[in-house]
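Source file: query.cif; contents: mmCIF, C-alpha atoms.
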```
data_query
loop_
_atom_site.label_atom_id
_atom_site.label_comp_id
_atom_site.auth_asym_id
_atom_site.auth_seq_id
_atom_site.Cartn_x
_atom_site.Cartn_y
_atom_site.Cartn_z
CA MET A 1 87.77 115.96 67.79
CA ASP A 2 90.04 113.49 66.06
CA GLU A 3 88.22 110.32 64.93
CA LYS A 4 90.20 108.05 67.24
CA PHE A 5 88.98 109.95 70.32
CA LYS A 6 85.27 109.80 69.46
CA PRO A 7 84.67 106.31 70.90
CA LEU A 8 86.66 107.29 74.01
CA ALA A 9 84.55 110.42 74.46
CA ALA A 10 81.39 108.33 73.99
CA LEU A 11 82.67 105.97 76.69
CA VAL A 12 83.11 108.86 79.14
CA GLU A 13 79.60 110.14 78.38
CA SER A 14 77.82 106.80 78.61
CA ALA A 15 79.71 104.36 80.87
CA ILE A 16 78.00 105.50 84.09
CA PRO A 17 74.20 105.69 83.67
CA ILE A 18 73.56 108.44 86.25
CA VAL A 19 76.28 110.60 84.65
CA SER A 20 74.66 110.03 81.27
CA GLN A 21 71.35 111.19 82.80
CA MET A 22 73.08 114.37 83.95
CA GLY A 23 73.94 114.97 80.30
CA LEU A 24 77.70 115.32 80.74
CA LYS A 25 79.39 116.03 77.39
CA VAL A 26 82.98 115.70 76.22
CA VAL A 27 83.51 118.95 74.31
CA ALA A 28 87.11 118.21 73.31
CA MET A 29 89.54 115.38 73.86
CA ARG A 30 93.06 114.64 72.75
CA LYS A 31 96.11 113.15 74.42
CA GLY A 32 96.85 115.35 77.44
CA TYR A 33 93.76 117.57 77.05
CA VAL A 34 90.09 117.21 77.95
CA LYS A 35 87.24 119.71 78.09
CA LEU A 36 83.93 118.67 79.65
CA LEU A 37 80.54 120.36 79.90
CA MET A 38 77.74 119.82 82.40
CA PRO A 39 74.42 121.22 81.17
CA LEU A 40 72.28 123.22 83.59
CA LYS A 41 69.11 121.73 82.13
CA ASN A 42 69.29 118.23 83.66
CA ASN A 43 70.91 119.40 86.87
CA VAL A 44 68.86 122.19 88.37
CA ASN A 45 68.41 122.24 92.12
CA HIS A 46 65.45 123.50 94.15
CA VAL A 47 66.35 127.13 93.36
CA GLY A 48 67.12 126.70 89.66
CA THR A 49 70.93 126.77 89.80
CA MET A 50 73.15 123.75 89.20
CA TYR A 51 73.07 121.09 91.91
CA ALA A 52 76.30 120.87 93.95
CA GLY A 53 76.61 117.14 93.28
CA SER A 54 76.45 117.64 89.51
CA LEU A 55 79.24 120.20 89.76
CA PHE A 56 81.24 117.67 91.77
CA THR A 57 80.61 115.05 89.07
CA LEU A 58 81.88 117.36 86.32
CA GLY A 59 85.19 117.58 88.16
CA GLU A 60 85.29 113.97 89.33
CA ILE A 61 84.84 112.61 85.81
CA MET A 62 87.80 114.67 84.60
CA GLY A 63 90.33 112.39 86.29
CA GLY A 64 89.05 109.31 84.51
CA ALA A 65 88.52 111.15 81.22
CA MET A 66 92.14 112.34 81.25
CA VAL A 67 93.39 108.78 81.81
CA ILE A 68 91.15 107.50 78.99
CA ALA A 69 92.35 110.28 76.67
CA SER A 70 96.03 109.95 77.45
CA MET A 71 96.89 106.36 78.36
CA ASP A 72 96.23 102.89 77.02
CA ALA A 73 92.69 102.19 78.22
CA GLY A 74 93.17 98.51 77.45
CA ARG A 75 95.99 98.19 79.98
CA CYS A 76 95.03 100.45 82.87
CA TYR A 77 92.04 101.99 84.64
CA PRO A 78 91.41 105.15 86.67
CA LEU A 79 89.96 105.57 90.14
CA VAL A 80 89.43 108.48 92.50
CA LYS A 81 90.96 108.60 95.98
CA ASP A 82 89.88 111.93 97.42
CA VAL A 83 88.36 115.17 96.22
CA GLN A 84 87.83 118.57 97.80
CA ILE A 85 85.37 120.99 96.23
CA ARG A 86 84.94 124.61 97.27
CA TYR A 87 81.81 126.33 96.02
CA ARG A 88 82.30 129.98 95.14
CA ARG A 89 79.07 131.22 93.57
CA PRO A 90 75.78 129.83 92.22
CA ALA A 91 76.08 128.14 88.81
CA THR A 92 73.40 129.69 86.61
CA THR A 93 74.60 128.48 83.18
CA ASP A 94 76.06 125.33 81.63
CA ILE A 95 79.42 124.72 83.32
CA THR A 96 82.71 123.63 81.75
CA ALA A 97 86.02 122.32 82.99
CA GLU A 98 89.22 121.82 81.07
CA LEU A 99 92.50 120.23 81.95
CA SER A 100 95.88 119.91 80.25
CA LEU A 101 98.71 117.60 81.26
CA SER A 102 102.10 118.09 79.64
CA GLU A 103 103.88 115.31 77.75
CA ASP A 104 106.50 115.25 80.52
CA ARG A 105 103.90 114.87 83.23
CA LEU A 106 102.16 112.06 81.35
CA LYS A 107 105.50 110.29 80.88
CA GLU A 108 106.18 110.56 84.61
CA ILE A 109 102.74 109.14 85.48
CA VAL A 110 103.21 106.22 83.07
CA SER A 111 106.75 105.60 84.33
CA VAL A 112 105.51 105.21 87.92
CA LEU A 113 102.59 103.08 86.67
CA GLU A 114 104.97 100.71 84.88
CA GLU A 115 107.28 100.47 87.88
CA LYS A 116 104.75 100.19 90.72
CA GLY A 117 101.55 99.02 89.02
CA LYS A 118 99.81 102.24 90.06
CA SER A 119 100.45 105.96 89.88
CA ASP A 120 98.85 108.88 91.72
CA ILE A 121 97.52 111.81 89.70
CA PRO A 122 96.95 115.00 91.73
CA LEU A 123 94.75 117.49 89.88
CA GLU A 124 93.38 120.99 90.30
CA LEU A 125 90.40 122.25 88.35
CA GLU A 126 88.23 125.30 88.04
CA LEU A 127 84.60 124.88 87.05
CA LEU A 128 83.67 127.84 84.84
CA ASP A 129 80.34 129.38 83.97
CA ALA A 130 79.47 130.82 80.55
CA GLY A 131 80.97 134.16 81.61
CA GLY A 132 84.30 132.55 82.54
CA GLU A 133 83.79 132.92 86.29
CA ALA A 134 84.82 130.03 88.56
CA VAL A 135 81.72 128.68 90.30
CA ALA A 136 83.74 126.02 92.11
CA VAL A 137 87.33 124.89 92.56
CA ILE A 138 88.35 121.27 92.90
CA THR A 139 91.54 119.64 94.11
CA GLY A 140 91.90 115.91 94.39
CA MET A 141 93.89 112.77 93.97
CA TRP A 142 93.06 110.26 91.29
CA GLN A 143 95.03 107.14 90.52
CA VAL A 144 95.67 104.97 87.51
CA ARG A 145 96.30 101.26 88.01
CA LYS A 146 97.43 98.48 85.72
CA LEU A 147 94.73 96.04 84.72
CA MET B 1 58.90 108.59 111.10
CA ASP B 2 56.62 111.07 112.85
CA GLU B 3 53.84 112.41 110.60
CA LYS B 4 55.12 115.98 110.71
CA PHE B 5 58.46 114.93 109.17
CA LYS B 6 56.98 113.03 106.22
CA PRO B 7 56.50 116.08 103.97
CA LEU B 8 59.99 117.30 104.91
CA ALA B 9 61.47 113.91 103.99
CA ALA B 10 59.52 113.97 100.70
CA LEU B 11 60.98 117.42 100.01
CA VAL B 12 64.54 116.12 100.50
CA GLU B 13 63.85 113.17 98.17
CA SER B 14 62.17 115.14 95.40
CA ALA B 15 63.32 118.78 95.37
CA ILE B 16 66.33 118.16 93.11
CA PRO B 17 65.39 116.08 90.04
CA ILE B 18 68.78 114.43 89.49
CA VAL B 19 68.90 113.40 93.18
CA SER B 20 65.42 111.95 92.80
CA GLN B 21 66.69 109.97 89.79
CA MET B 22 69.50 108.59 91.95
CA GLY B 23 66.77 107.26 94.24
CA LEU B 24 67.99 108.90 97.46
CA LYS B 25 65.73 107.94 100.39
CA VAL B 26 65.20 109.49 103.81
CA VAL B 27 65.15 106.44 106.08
CA ALA B 28 64.59 108.38 109.29
CA MET B 29 64.18 112.02 110.23
CA ARG B 30 63.49 113.89 113.43
CA LYS B 31 64.78 117.09 114.94
CA GLY B 32 68.56 116.69 115.23
CA TYR B 33 68.70 113.31 113.48
CA VAL B 34 68.65 112.19 109.83
CA LYS B 35 69.43 108.87 108.20
CA LEU B 36 69.72 108.72 104.39
CA LEU B 37 70.12 105.82 101.95
CA MET B 38 71.54 105.81 98.43
CA PRO B 39 70.53 102.68 96.49
CA LEU B 40 73.18 100.89 94.46
CA LYS B 41 70.65 100.13 91.70
CA ASN B 42 70.37 103.59 90.11
CA ASN B 43 73.98 104.50 90.75
CA VAL B 44 76.23 101.77 89.39
CA ASN B 45 79.42 102.82 87.65
CA HIS B 46 81.24 101.09 84.79
CA VAL B 47 82.43 98.30 87.10
CA GLY B 48 79.15 97.74 88.97
CA THR B 49 79.98 99.52 92.23
CA MET B 50 78.44 102.81 93.34
CA TYR B 51 79.54 105.86 91.36
CA ALA B 52 81.78 108.25 93.34
CA GLY B 53 79.49 111.21 92.56
CA SER B 54 76.43 109.44 93.96
CA LEU B 55 78.34 108.74 97.18
CA PHE B 56 79.24 112.42 97.31
CA THR B 57 75.58 113.33 96.84
CA LEU B 58 74.52 111.10 99.73
CA GLY B 59 76.79 113.12 102.00
CA GLU B 60 76.13 116.50 100.43
CA ILE B 61 72.37 116.19 100.86
CA MET B 62 72.81 115.47 104.56
CA GLY B 63 73.66 119.10 105.36
CA GLY B 64 70.44 120.38 103.84
CA ALA B 65 68.37 117.51 105.21
CA MET B 66 69.59 118.25 108.75
CA VAL B 67 68.63 121.92 108.40
CA ILE B 68 65.21 120.95 107.06
CA ALA B 69 64.72 118.44 109.89
CA SER B 70 65.88 120.70 112.68
CA MET B 71 65.14 124.33 111.86
CA ASP B 72 62.23 126.38 110.60
CA ALA B 73 62.31 125.71 106.83
CA GLY B 74 60.00 128.67 106.28
CA ARG B 75 62.55 131.11 107.71
CA CYS B 76 65.94 129.82 106.58
CA TYR B 77 67.66 127.79 103.87
CA PRO B 78 70.79 125.62 103.67
CA LEU B 79 73.72 125.80 101.29
CA VAL B 80 77.03 124.00 100.97
CA LYS B 81 80.37 125.81 101.08
CA ASP B 82 82.98 123.09 100.76
CA VAL B 83 83.19 119.33 100.98
CA GLN B 84 86.06 116.86 101.12
CA ILE B 85 85.41 113.20 100.40
CA ARG B 86 87.92 110.41 100.90
CA TYR B 87 87.09 107.11 99.23
CA ARG B 88 88.13 104.08 101.24
CA ARG B 89 86.76 101.02 99.45
CA PRO B 90 84.37 100.14 96.61
CA ALA B 91 80.68 100.48 97.52
CA THR B 92 79.03 97.21 96.55
CA THR B 93 75.70 97.56 98.42
CA ASP B 94 73.16 100.27 99.16
CA ILE B 95 74.92 102.93 101.24
CA THR B 96 73.65 104.82 104.29
CA ALA B 97 74.69 107.86 106.24
CA GLU B 98 73.36 109.12 109.55
CA LEU B 99 73.96 112.24 111.53
CA SER B 100 72.94 113.51 114.95
CA LEU B 101 73.24 117.06 116.24
CA SER B 102 72.66 117.68 119.94
CA GLU B 103 70.06 120.11 121.20
CA ASP B 104 72.89 122.34 122.46
CA ARG B 105 74.59 122.38 119.08
CA LEU B 106 71.33 123.19 117.30
CA LYS B 107 70.70 126.03 119.76
CA GLU B 108 74.15 127.42 119.08
CA ILE B 109 73.63 127.28 115.29
CA VAL B 110 70.26 129.03 115.58
CA SER B 111 71.68 131.62 117.97
CA VAL B 112 74.39 132.61 115.45
CA LEU B 113 71.79 132.54 112.66
CA GLU B 114 69.56 134.95 114.56
CA GLU B 115 72.43 137.27 115.39
CA LYS B 116 74.30 137.30 112.06
CA GLY B 117 71.73 136.15 109.50
CA LYS B 118 73.84 133.10 108.73
CA SER B 119 75.54 130.29 110.60
CA ASP B 120 78.22 127.81 109.55
CA ILE B 121 77.61 124.11 110.14
CA PRO B 122 80.76 121.96 110.00
CA LEU B 123 79.93 118.26 109.64
CA GLU B 124 81.71 114.92 109.49
CA LEU B 125 80.07 111.83 108.06
CA GLU B 126 80.85 108.21 107.35
CA LEU B 127 79.13 106.52 104.41
CA LEU B 128 78.47 102.92 105.44
CA ASP B 129 77.82 99.80 103.41
CA ALA B 130 75.40 97.05 104.39
CA GLY B 131 78.14 95.38 106.46
CA GLY B 132 78.79 98.57 108.45
CA GLU B 133 82.11 99.34 106.75
CA ALA B 134 82.91 102.94 105.83
CA VAL B 135 83.23 103.19 102.05
CA ALA B 136 83.91 106.93 102.22
CA VAL B 137 84.41 109.67 104.78
CA ILE B 138 83.19 113.22 104.29
CA THR B 139 84.02 116.45 106.06
CA GLY B 140 82.61 119.76 104.98
CA MET B 141 81.11 123.10 105.78
CA TRP B 142 77.47 123.84 105.18
CA GLN B 143 75.69 127.03 106.10
CA VAL B 144 72.17 128.06 107.00
CA ARG B 145 70.96 131.53 106.09
CA LYS B 146 67.89 133.52 106.96
CA LEU B 147 65.40 133.89 104.14
#
```

Could the structure of this file be written out as structure tokens, please?
Amino acid sequence: MDEKFKPLAALVESAIPIVSQMGLKVVAMRKGYVKLLMPLKNNVNHVGTMYAGSLFTLGEIMGGAMVIASMDAGRCYPLVKDVQIRYRRPATTDITAELSLSEDRLKEIVSVLEEKGKSDIPLELELLDAGGEAVAVITGMWQVRKL
Amino acid sequence: MDEKFKPLAALVESAIPIVSQMGLKVVAMRKGYVKLLMPLKNNVNHVGTMYAGSLFTLGEIMGGAMVIASMDAGRCYPLVKDVQIRYRRPATTDITAELSLSEDRLKEIVSVLEEKGKSDIPLELELLDAGGEAVAVITGMWQVRKL
């Protein structure tokens, strides 16, 4: 990870105490790209697989992490509007999610933000186990707003 | 809360370690009725309101808690299939959710469970702040399966 993204990654990992307790990690971060990992260890449920709410959190954090990675965090902030998660199979390993937004898409988001003071960011994500299988699929709407 | 529900409520509060760390509480439980509370204290986000993932968890746990309250926990178990959450306003207090299922609806769920070995449970929930305002609305599909 490039030096300039390390404090941003640390912010994503530590800004929300309960997320920090889950052990969420930013594996990679650059403008337009984020990869996150949720460890099984801190997030086991009553049957030893990953708790559904921790899987949700892995996806939910992505929206904010992408904004922090790709836009001027001193001038805008992210929020989540709605999220749908579909669970496909038990999560028996650490789980990762990655997301890329193209330069054009980022420019469009920022253009709407500048014009209207806020800009919707619809996202789709797969949450993958260590074998590359999708344990859950998330669609949702995040938003970035001017400070 | 009736004595016989106290160990079931304790199970809901403690079975998943990260949910226990959030401080989720079962306020009331009887057959066909559950009220849950998520405290703000353990779940603040970077701006001091309740983290979106903790709100999700409050709703997600309800499906399992209702099964535990209303069916024979020694013969079946709950799981979640999909959940949609729509955030309406920042959650600045402890947040509660309550759910009632009629005797007829419970009978129908158990009847399908007995016949097919599993039974879908569609639910809708409002997450309410201390002033009675809905901070988020959840719809989703849970399922109960025979052990």

Query raised in the report: Taking into account all atoms listed in the file, which residue in the set A:Pro122, A:Asp104, A:Val83, A:Ala134 is nearest to chain B?
Result: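 So, comparing all the options, the nearest one is A:Val83.
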
For the file shown, what are the residues hit by the PyMOL selection byres ((chain B) within 8 of (chain A)), laid out as a list in words?
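Output of the PyMOL selection byres ((chain B) within 8 of (chain A)): Ala15, Ile16, Pro17, Ile18, Gln21, Met22, Asn42, Asn43, Val44, Asn45, His46, Tyr51, Ala52, Gly53, Ser54, Phe56, Thr57, Glu60, Val80, Lys81, Asp82, Val83, Gln84, Ile85, Arg86, Tyr87 and Arg88 of chain B.
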
Prev. selection, C-alpha atoms, output as a PDB file, in the frame of the given file:
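Output (again_28.pdb):
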```pdb
ATOM      1  CA  ALA B  15      63.320 118.780  95.370  1.00  0.00           C
ATOM      2  CA  ILE B  16      66.330 118.160  93.110  1.00  0.00           C
ATOM      3  CA  PRO B  17      65.390 116.080  90.040  1.00  0.00           C
ATOM      4  CA  ILE B  18      68.780 114.430  89.490  1.00  0.00           C
ATOM      5  CA  GLN B  21      66.690 109.970  89.790  1.00  0.00           C
ATOM      6  CA  MET B  22      69.500 108.590  91.950  1.00  0.00           C
ATOM      7  CA  ASN B  42      70.370 103.590  90.110  1.00  0.00           C
ATOM      8  CA  ASN B  43      73.980 104.500  90.750  1.00  0.00           C
ATOM      9  CA  VAL B  44      76.230 101.770  89.390  1.00  0.00           C
ATOM     10  CA  ASN B  45      79.420 102.820  87.650  1.00  0.00           C
ATOM     11  CA  HIS B  46      81.240 101.090  84.790  1.00  0.00           C
ATOM     12  CA  TYR B  51      79.540 105.860  91.360  1.00  0.00           C
ATOM     13  CA  ALA B  52      81.780 108.250  93.340  1.00  0.00           C
ATOM     14  CA  GLY B  53      79.490 111.210  92.560  1.00  0.00           C
ATOM     15  CA  SER B  54      76.430 109.440  93.960  1.00  0.00           C
ATOM     16  CA  PHE B  56      79.240 112.420  97.310  1.00  0.00           C
ATOM     17  CA  THR B  57      75.580 113.330  96.840  1.00  0.00           C
ATOM     18  CA  GLU B  60      76.130 116.500 100.430  1.00  0.00           C
ATOM     19  CA  VAL B  80      77.030 124.000 100.970  1.00  0.00           C
ATOM     20  CA  LYS B  81      80.370 125.810 101.080  1.00  0.00           C
ATOM     21  CA  ASP B  82      82.980 123.090 100.760  1.00  0.00           C
ATOM     22  CA  VAL B  83      83.190 119.330 100.980  1.00  0.00           C
ATOM     23  CA  GLN B  84      86.060 116.860 101.120  1.00  0.00           C
ATOM     24  CA  ILE B  85      85.410 113.200 100.400  1.00  0.00           C
ATOM     25  CA  ARG B  86      87.920 110.410 100.900  1.00  0.00           C
ATOM     26  CA  TYR B  87      87.090 107.110  99.230  1.00  0.00           C
ATOM     27  CA  ARG B  88      88.130 104.080 101.240  1.00  0.00           C
TER      28      ARG B  88
END
```

For a cutoff of 10 Å around the file-coordinate point (82.4, 131.1, 88.1), which residues qualify once you count all atoms listed in the file? I'd like the result as an NGL selection string. :A and (87-93 or 95-96 or 126-137)

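The space separating atom CA of Ala65 of chain A from atom CA of Glu115 of chain A comes to 22.6 Å.
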
Suppose you want the space between atom CA of Arg75 of chain A and atom CA of Val144 of chain A; what is it in Å?
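These two atoms are separated by 10.1 Å.
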
Original post:
Interatomic distance between atom CA of Met1 of chain B and atom CA of Val27 of chain B?
Top reply: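 Between these atoms lies a distance of 8.3 Å.
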
Smallest atom-to-atom distance to Ile109 of chain B: which of B:Leu125, B:Ser70, B:Gly23, B:Leu147, using all atoms listed in the file?
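Under the stated criterion, the closest residue is B:Ser70.
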
Once the PyMOL selection byres ((chain A and resi 114) around 12) has been evaluated on this model, what residues remain selected, and can you format them as an mmCIF file with C-alpha atoms, in the coordinates of the input?
```cif
data_model
loop_
_atom_site.group_PDB
_atom_site.id
_atom_site.type_symbol
_atom_site.label_atom_id
_atom_site.label_comp_id
_atom_site.auth_asym_id
_atom_site.auth_seq_id
_atom_site.Cartn_x
_atom_site.Cartn_y
_atom_site.Cartn_z
ATOM 1 C CA MET A 71 96.890 106.360 78.360
ATOM 2 C CA ASP A 72 96.230 102.890 77.020
ATOM 3 C CA ARG A 75 95.990 98.190 79.980
ATOM 4 C CA CYS A 76 95.030 100.450 82.870
ATOM 5 C CA LYS A 107 105.500 110.290 80.880
ATOM 6 C CA GLU A 108 106.180 110.560 84.610
ATOM 7 C CA ILE A 109 102.740 109.140 85.480
ATOM 8 C CA VAL A 110 103.210 106.220 83.070
ATOM 9 C CA SER A 111 106.750 105.600 84.330
ATOM 10 C CA VAL A 112 105.510 105.210 87.920
ATOM 11 C CA LEU A 113 102.590 103.080 86.670
ATOM 12 C CA GLU A 115 107.280 100.470 87.880
ATOM 13 C CA LYS A 116 104.750 100.190 90.720
ATOM 14 C CA GLY A 117 101.550 99.020 89.020
ATOM 15 C CA LYS A 118 99.810 102.240 90.060
ATOM 16 C CA SER A 119 100.450 105.960 89.880
ATOM 17 C CA VAL A 144 95.670 104.970 87.510
ATOM 18 C CA ARG A 145 96.300 101.260 88.010
ATOM 19 C CA LYS A 146 97.430 98.480 85.720
ATOM 20 C CA LEU A 147 94.730 96.040 84.720
#
```

Only C-alpha atoms, please: segment 37-108 of chain B from the block, as a PDB file, in the first residue's frame.
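So the final result, stored in decode23.pdb, reads:
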```
ATOM      1  CA  LEU B  37     -32.512  -3.287  22.647  1.00  0.00           C
ATOM      2  CA  MET B  38     -29.194  -2.213  21.165  1.00  0.00           C
ATOM      3  CA  PRO B  39     -27.368   0.282  23.410  1.00  0.00           C
ATOM      4  CA  LEU B  40     -25.782   3.327  21.806  1.00  0.00           C
ATOM      5  CA  LYS B  41     -22.806   3.126  24.193  1.00  0.00           C
ATOM      6  CA  ASN B  42     -20.958   0.147  22.680  1.00  0.00           C
ATOM      7  CA  ASN B  43     -21.945   0.964  19.126  1.00  0.00           C
ATOM      8  CA  VAL B  44     -21.042   4.564  18.366  1.00  0.00           C
ATOM      9  CA  ASN B  45     -19.616   5.335  14.951  1.00  0.00           C
ATOM     10  CA  HIS B  46     -17.110   8.027  13.983  1.00  0.00           C
ATOM     11  CA  VAL B  47     -19.728  10.764  14.434  1.00  0.00           C
ATOM     12  CA  GLY B  48     -21.239   9.508  17.702  1.00  0.00           C
ATOM     13  CA  THR B  49     -24.446   7.966  16.349  1.00  0.00           C
ATOM     14  CA  MET B  50     -25.139   4.227  16.205  1.00  0.00           C
ATOM     15  CA  TYR B  51     -23.100   2.295  13.651  1.00  0.00           C
ATOM     16  CA  ALA B  52     -25.153   1.023  10.685  1.00  0.00           C
ATOM     17  CA  GLY B  53     -23.914  -2.548  11.225  1.00  0.00           C
ATOM     18  CA  SER B  54     -25.077  -2.585  14.846  1.00  0.00           C
ATOM     19  CA  LEU B  55     -28.535  -1.447  13.726  1.00  0.00           C
ATOM     20  CA  PHE B  56     -28.509  -4.265  11.189  1.00  0.00           C
ATOM     21  CA  THR B  57     -27.568  -6.723  13.931  1.00  0.00           C
ATOM     22  CA  LEU B  58     -30.462  -5.599  16.126  1.00  0.00           C
ATOM     23  CA  GLY B  59     -32.836  -6.570  13.322  1.00  0.00           C
ATOM     24  CA  GLU B  60     -30.971  -9.657  12.184  1.00  0.00           C
ATOM     25  CA  ILE B  61     -30.984 -11.191  15.658  1.00  0.00           C
ATOM     26  CA  MET B  62     -34.749 -10.786  15.869  1.00  0.00           C
ATOM     27  CA  GLY B  63     -35.392 -13.660  13.452  1.00  0.00           C
ATOM     28  CA  GLY B  64     -33.429 -16.114  15.551  1.00  0.00           C
ATOM     29  CA  ALA B  65     -34.742 -14.727  18.835  1.00  0.00           C
ATOM     30  CA  MET B  66     -38.339 -15.207  17.658  1.00  0.00           C
ATOM     31  CA  VAL B  67     -37.633 -18.826  16.718  1.00  0.00           C
ATOM     32  CA  ILE B  68     -35.979 -19.435  20.090  1.00  0.00           C
ATOM     33  CA  ALA B  69     -38.896 -17.786  21.912  1.00  0.00           C
ATOM     34  CA  SER B  70     -41.646 -19.543  20.003  1.00  0.00           C
ATOM     35  CA  MET B  71     -40.497 -22.972  18.864  1.00  0.00           C
ATOM     36  CA  ASP B  72     -38.771 -25.986  20.353  1.00  0.00           C
ATOM     37  CA  ALA B  73     -35.096 -24.931  20.342  1.00  0.00           C
ATOM     38  CA  GLY B  74     -34.080 -28.540  20.917  1.00  0.00           C
ATOM     39  CA  ARG B  75     -35.620 -29.649  17.616  1.00  0.00           C
ATOM     40  CA  CYS B  76     -34.985 -26.800  15.184  1.00  0.00           C
ATOM     41  CA  TYR B  77     -32.638 -23.911  14.459  1.00  0.00           C
ATOM     42  CA  PRO B  78     -32.941 -20.522  12.736  1.00  0.00           C
ATOM     43  CA  LEU B  79     -30.908 -19.036   9.917  1.00  0.00           C
ATOM     44  CA  VAL B  80     -31.096 -15.872   7.860  1.00  0.00           C
ATOM     45  CA  LYS B  81     -31.464 -15.904   4.075  1.00  0.00           C
ATOM     46  CA  ASP B  82     -31.635 -12.269   3.058  1.00  0.00           C
ATOM     47  CA  VAL B  83     -32.131  -8.893   4.685  1.00  0.00           C
ATOM     48  CA  GLN B  84     -32.773  -5.409   3.364  1.00  0.00           C
ATOM     49  CA  ILE B  85     -32.229  -2.417   5.624  1.00  0.00           C
ATOM     50  CA  ARG B  86     -33.202   1.142   4.790  1.00  0.00           C
ATOM     51  CA  TYR B  87     -31.683   3.836   6.977  1.00  0.00           C
ATOM     52  CA  ARG B  88     -34.002   6.744   7.647  1.00  0.00           C
ATOM     53  CA  ARG B  89     -32.278   8.993  10.187  1.00  0.00           C
ATOM     54  CA  PRO B  90     -29.251   8.968  12.506  1.00  0.00           C
ATOM     55  CA  ALA B  91     -29.706   6.844  15.637  1.00  0.00           C
ATOM     56  CA  THR B  92     -28.774   9.046  18.583  1.00  0.00           C
ATOM     57  CA  THR B  93     -30.223   6.966  21.455  1.00  0.00           C
ATOM     58  CA  ASP B  94     -30.481   3.312  22.444  1.00  0.00           C
ATOM     59  CA  ILE B  95     -32.563   1.575  19.775  1.00  0.00           C
ATOM     60  CA  THR B  96     -35.307  -1.028  20.199  1.00  0.00           C
ATOM     61  CA  ALA B  97     -37.154  -3.427  17.965  1.00  0.00           C
ATOM     62  CA  GLU B  98     -40.191  -5.530  18.757  1.00  0.00           C
ATOM     63  CA  LEU B  99     -42.009  -8.216  16.879  1.00  0.00           C
ATOM     64  CA  SER B 100     -45.200 -10.199  17.405  1.00  0.00           C
ATOM     65  CA  LEU B 101     -46.267 -13.311  15.536  1.00  0.00           C
ATOM     66  CA  SER B 102     -49.826 -14.555  16.004  1.00  0.00           C
ATOM     67  CA  GLU B 103     -50.612 -18.044  17.211  1.00  0.00           C
ATOM     68  CA  ASP B 104     -52.027 -18.820  13.750  1.00  0.00           C
ATOM     69  CA  ARG B 105     -48.875 -17.673  12.009  1.00  0.00           C
ATOM     70  CA  LEU B 106     -46.675 -19.698  14.359  1.00  0.00           C
ATOM     71  CA  LYS B 107     -48.850 -22.769  13.728  1.00  0.00           C
ATOM     72  CA  GLU B 108     -48.474 -22.296   9.994  1.00  0.00           C
TER      73      GLU B 108
END
```
